[in-house]
Amino acid sequence: MNKLVVEIDEKDTASRYREEAANNHVPQSTRPCGESSSDEDDEDTIVVWEEGDPENPYNWSGRKKNSVLVMVMMLIINSTMGSALPSNALPSITSEWGVVSQQQMVLPISVYLIGE
């Protein structure tokens, strides 16, 4: 099943690349990985990897894929907890510092979320 999905993905990518190249009058030569194949006015960019390219996420090891997944999950949890935990402390913070304005009460959490 996996082989079939990869084959369909490769065929779809090739057909989309040919269509994009035809629409934008891009020569059929293969471009190096870092070069852009479109003008600044284009809306879509199609990324194509060579066979066996180690930068292609499909070719990453299971360990690398899991590491990326865990890091992304930790970043999301950090953002969620970083803004949720101080919200329980707002009543004591406002009484300690004499804050009476609603805008000033939510300022610490708002600044944290803007900076994140």
# chains A, B, ... in the order shown; residues from 1 in each chain; ligands from 1
>>> residues_around(residues="Tyr58 of chain A", least_positions_apart="2", cutoff="12 Å", atoms="only C-alpha atoms", output="compact mmCIF listing (two decimals) with N, CA and C atoms, in the first residue's frame")
# COMPACT_ATOMS: atom_id res chain seq x y z
N ASN A 2 1.93 1.25 0.83
CA ASN A 2 2.82 2.40 0.92
C ASN A 2 3.48 2.67 -0.43
N LYS A 3 3.89 1.61 -1.11
CA LYS A 3 4.54 1.76 -2.42
C LYS A 3 3.58 2.40 -3.42
N VAL A 5 1.04 4.45 -2.70
CA VAL A 5 0.87 5.86 -2.33
C VAL A 5 2.07 6.68 -2.79
N VAL A 6 3.29 6.16 -2.59
CA VAL A 6 4.49 6.88 -3.01
C VAL A 6 4.49 7.04 -4.53
N ASP A 9 2.04 9.73 -5.44
CA ASP A 9 2.60 11.03 -5.08
C ASP A 9 3.64 11.50 -6.10
N GLU A 10 4.51 10.59 -6.53
CA GLU A 10 5.55 10.95 -7.49
C GLU A 10 4.95 11.32 -8.85
N TRP A 49 11.96 17.04 -5.21
CA TRP A 49 13.20 16.46 -4.75
C TRP A 49 13.66 15.40 -5.73
N GLU A 50 14.97 15.25 -5.79
CA GLU A 50 15.52 14.18 -6.61
C GLU A 50 15.35 12.86 -5.87
N GLU A 51 15.47 11.79 -6.59
CA GLU A 51 15.34 10.45 -6.01
C GLU A 51 16.40 10.23 -4.94
N GLY A 52 15.98 9.83 -3.76
CA GLY A 52 16.90 9.53 -2.67
C GLY A 52 17.47 10.75 -1.97
N ASP A 53 16.90 11.93 -2.18
CA ASP A 53 17.39 13.16 -1.56
C ASP A 53 17.20 13.08 -0.05
N PRO A 54 18.26 13.24 0.74
CA PRO A 54 18.12 13.13 2.20
C PRO A 54 17.32 14.27 2.83
N GLU A 55 17.11 15.38 2.11
CA GLU A 55 16.32 16.48 2.65
C GLU A 55 14.82 16.25 2.46
N ASN A 56 14.43 15.29 1.66
CA ASN A 56 13.02 14.95 1.45
C ASN A 56 12.50 14.26 2.70
N TRP A 60 13.49 10.61 5.38
CA TRP A 60 14.03 10.71 6.73
C TRP A 60 13.88 9.39 7.47
N SER A 61 14.76 9.14 8.40
CA SER A 61 14.65 7.94 9.22
C SER A 61 13.47 8.12 10.18
N GLY A 62 12.98 7.01 10.69
CA GLY A 62 11.88 7.06 11.65
C GLY A 62 12.26 7.85 12.89
N LYS A 64 14.32 10.45 13.06
CA LYS A 64 14.27 11.89 12.78
C LYS A 64 12.83 12.38 12.69
N LYS A 65 11.97 11.60 12.05
CA LYS A 65 10.55 11.99 11.96
C LYS A 65 9.94 12.10 13.35
>>> closest_residue(among="A:Leu69, A:Leu113, A:Ala14, A:Leu107", to="Gly82 of chain A", atoms="only C-alpha atoms")
A:Leu113
>>> atom_distance(atom1="atom CA of Ser83 of chain A", atom2="atom CA of Ser110 of chain A")
8.3 Å
>>> residues_around(residues="Leu90 of chain A", least_positions_apart="5", cutoff="9 Å", atoms="only C-alpha atoms", output="PDB file with N, CA and C atoms, in the first residue's frame")
ATOM      1  N   SER A  95      -3.883  41.829  42.999  1.00  0.00           N
ATOM      2  CA  SER A  95      -4.024  42.365  44.362  1.00  0.00           C
ATOM      3  C   SER A  95      -2.660  42.780  44.921  1.00  0.00           C
ATOM      4  N   MET A 105      -4.814  43.816  33.585  1.00  0.00           N
ATOM      5  CA  MET A 105      -4.848  42.449  34.121  1.00  0.00           C
ATOM      6  C   MET A 105      -4.438  41.420  33.072  1.00  0.00           C
ATOM      7  N   VAL A 106      -4.846  41.625  31.848  1.00  0.00           N
ATOM      8  CA  VAL A 106      -4.542  40.645  30.800  1.00  0.00           C
ATOM      9  C   VAL A 106      -3.235  40.953  30.076  1.00  0.00           C
TER      10      VAL A 106
END
>>> atom_distance(atom1="atom CA of Ser79 of chain A", atom2="atom CA of Val100 of chain A")
26.6 Å
>>> residues_around(residues="Thr94 of chain A", least_positions_apart="3", cutoff="12 Å", atoms="only C-alpha atoms", output="PyMOL selection string")
chain A and resi 86-91+97-108
>>> write_last_selection(atoms="N, CA and C atoms", output="mmCIF file, in the first residue's frame")
data_model
loop_
_atom_site.group_PDB
_atom_site.id
_atom_site.type_symbol
_atom_site.label_atom_id
_atom_site.label_comp_id
_atom_site.auth_asym_id
_atom_site.auth_seq_id
_atom_site.Cartn_x
_atom_site.Cartn_y
_atom_site.Cartn_z
ATOM 1 N N PRO A 86 -0.236 31.178 34.109
ATOM 2 C CA PRO A 86 -0.310 32.465 34.824
ATOM 3 C C PRO A 86 -1.728 33.005 34.973
ATOM 4 N N SER A 87 -2.661 32.533 34.162
ATOM 5 C CA SER A 87 -4.027 33.042 34.269
ATOM 6 C C SER A 87 -4.645 32.712 35.623
ATOM 7 N N ASN A 88 -4.250 31.600 36.240
ATOM 8 C CA ASN A 88 -4.741 31.266 37.578
ATOM 9 C C ASN A 88 -4.134 32.171 38.650
ATOM 10 N N ALA A 89 -2.986 32.759 38.355
ATOM 11 C CA ALA A 89 -2.317 33.613 39.331
ATOM 12 C C ALA A 89 -2.713 35.078 39.186
ATOM 13 N N LEU A 90 -3.520 35.418 38.192
ATOM 14 C CA LEU A 90 -3.880 36.814 37.968
ATOM 15 C C LEU A 90 -4.538 37.482 39.182
ATOM 16 N N PRO A 91 -5.452 36.828 39.880
ATOM 17 C CA PRO A 91 -6.047 37.505 41.048
ATOM 18 C C PRO A 91 -5.006 37.891 42.102
ATOM 19 N N TRP A 97 -0.052 43.950 43.251
ATOM 20 C CA TRP A 97 0.459 45.151 42.590
ATOM 21 C C TRP A 97 -0.588 46.261 42.476
ATOM 22 N N GLY A 98 -1.783 46.036 42.963
ATOM 23 C CA GLY A 98 -2.812 47.065 42.958
ATOM 24 C C GLY A 98 -3.363 47.392 41.574
ATOM 25 N N VAL A 99 -3.447 46.409 40.728
ATOM 26 C CA VAL A 99 -3.957 46.609 39.370
ATOM 27 C C VAL A 99 -5.478 46.549 39.415
ATOM 28 N N VAL A 100 -6.131 47.561 38.837
ATOM 29 C CA VAL A 100 -7.594 47.595 38.845
ATOM 30 C C VAL A 100 -8.182 47.561 37.432
ATOM 31 N N SER A 101 -7.407 47.904 36.429
ATOM 32 C CA SER A 101 -7.883 47.958 35.052
ATOM 33 C C SER A 101 -7.889 46.560 34.425
ATOM 34 N N GLN A 102 -8.960 46.224 33.717
ATOM 35 C CA GLN A 102 -9.064 44.921 33.040
ATOM 36 C C GLN A 102 -7.972 44.772 31.976
ATOM 37 N N GLN A 103 -7.662 45.877 31.285
ATOM 38 C CA GLN A 103 -6.622 45.831 30.259
ATOM 39 C C GLN A 103 -5.257 45.517 30.868
ATOM 40 N N GLN A 104 -4.988 46.063 32.019
ATOM 41 C CA GLN A 104 -3.716 45.791 32.679
ATOM 42 C C GLN A 104 -3.661 44.367 33.242
ATOM 43 N N MET A 105 -4.814 43.816 33.585
ATOM 44 C CA MET A 105 -4.848 42.449 34.121
ATOM 45 C C MET A 105 -4.438 41.420 33.072
ATOM 46 N N VAL A 106 -4.846 41.625 31.848
ATOM 47 C CA VAL A 106 -4.542 40.645 30.800
ATOM 48 C C VAL A 106 -3.235 40.953 30.076
ATOM 49 N N LEU A 107 -2.587 42.055 30.429
ATOM 50 C CA LEU A 107 -1.365 42.477 29.757
ATOM 51 C C LEU A 107 -0.235 41.440 29.823
ATOM 52 N N PRO A 108 0.074 40.832 30.965
ATOM 53 C CA PRO A 108 1.180 39.862 30.986
ATOM 54 C C PRO A 108 0.972 38.685 30.027
#
>>> atom_distance(atom1="atom CA of Asn59 of chain A", atom2="atom CA of Ala22 of chain A")
28.4 Å
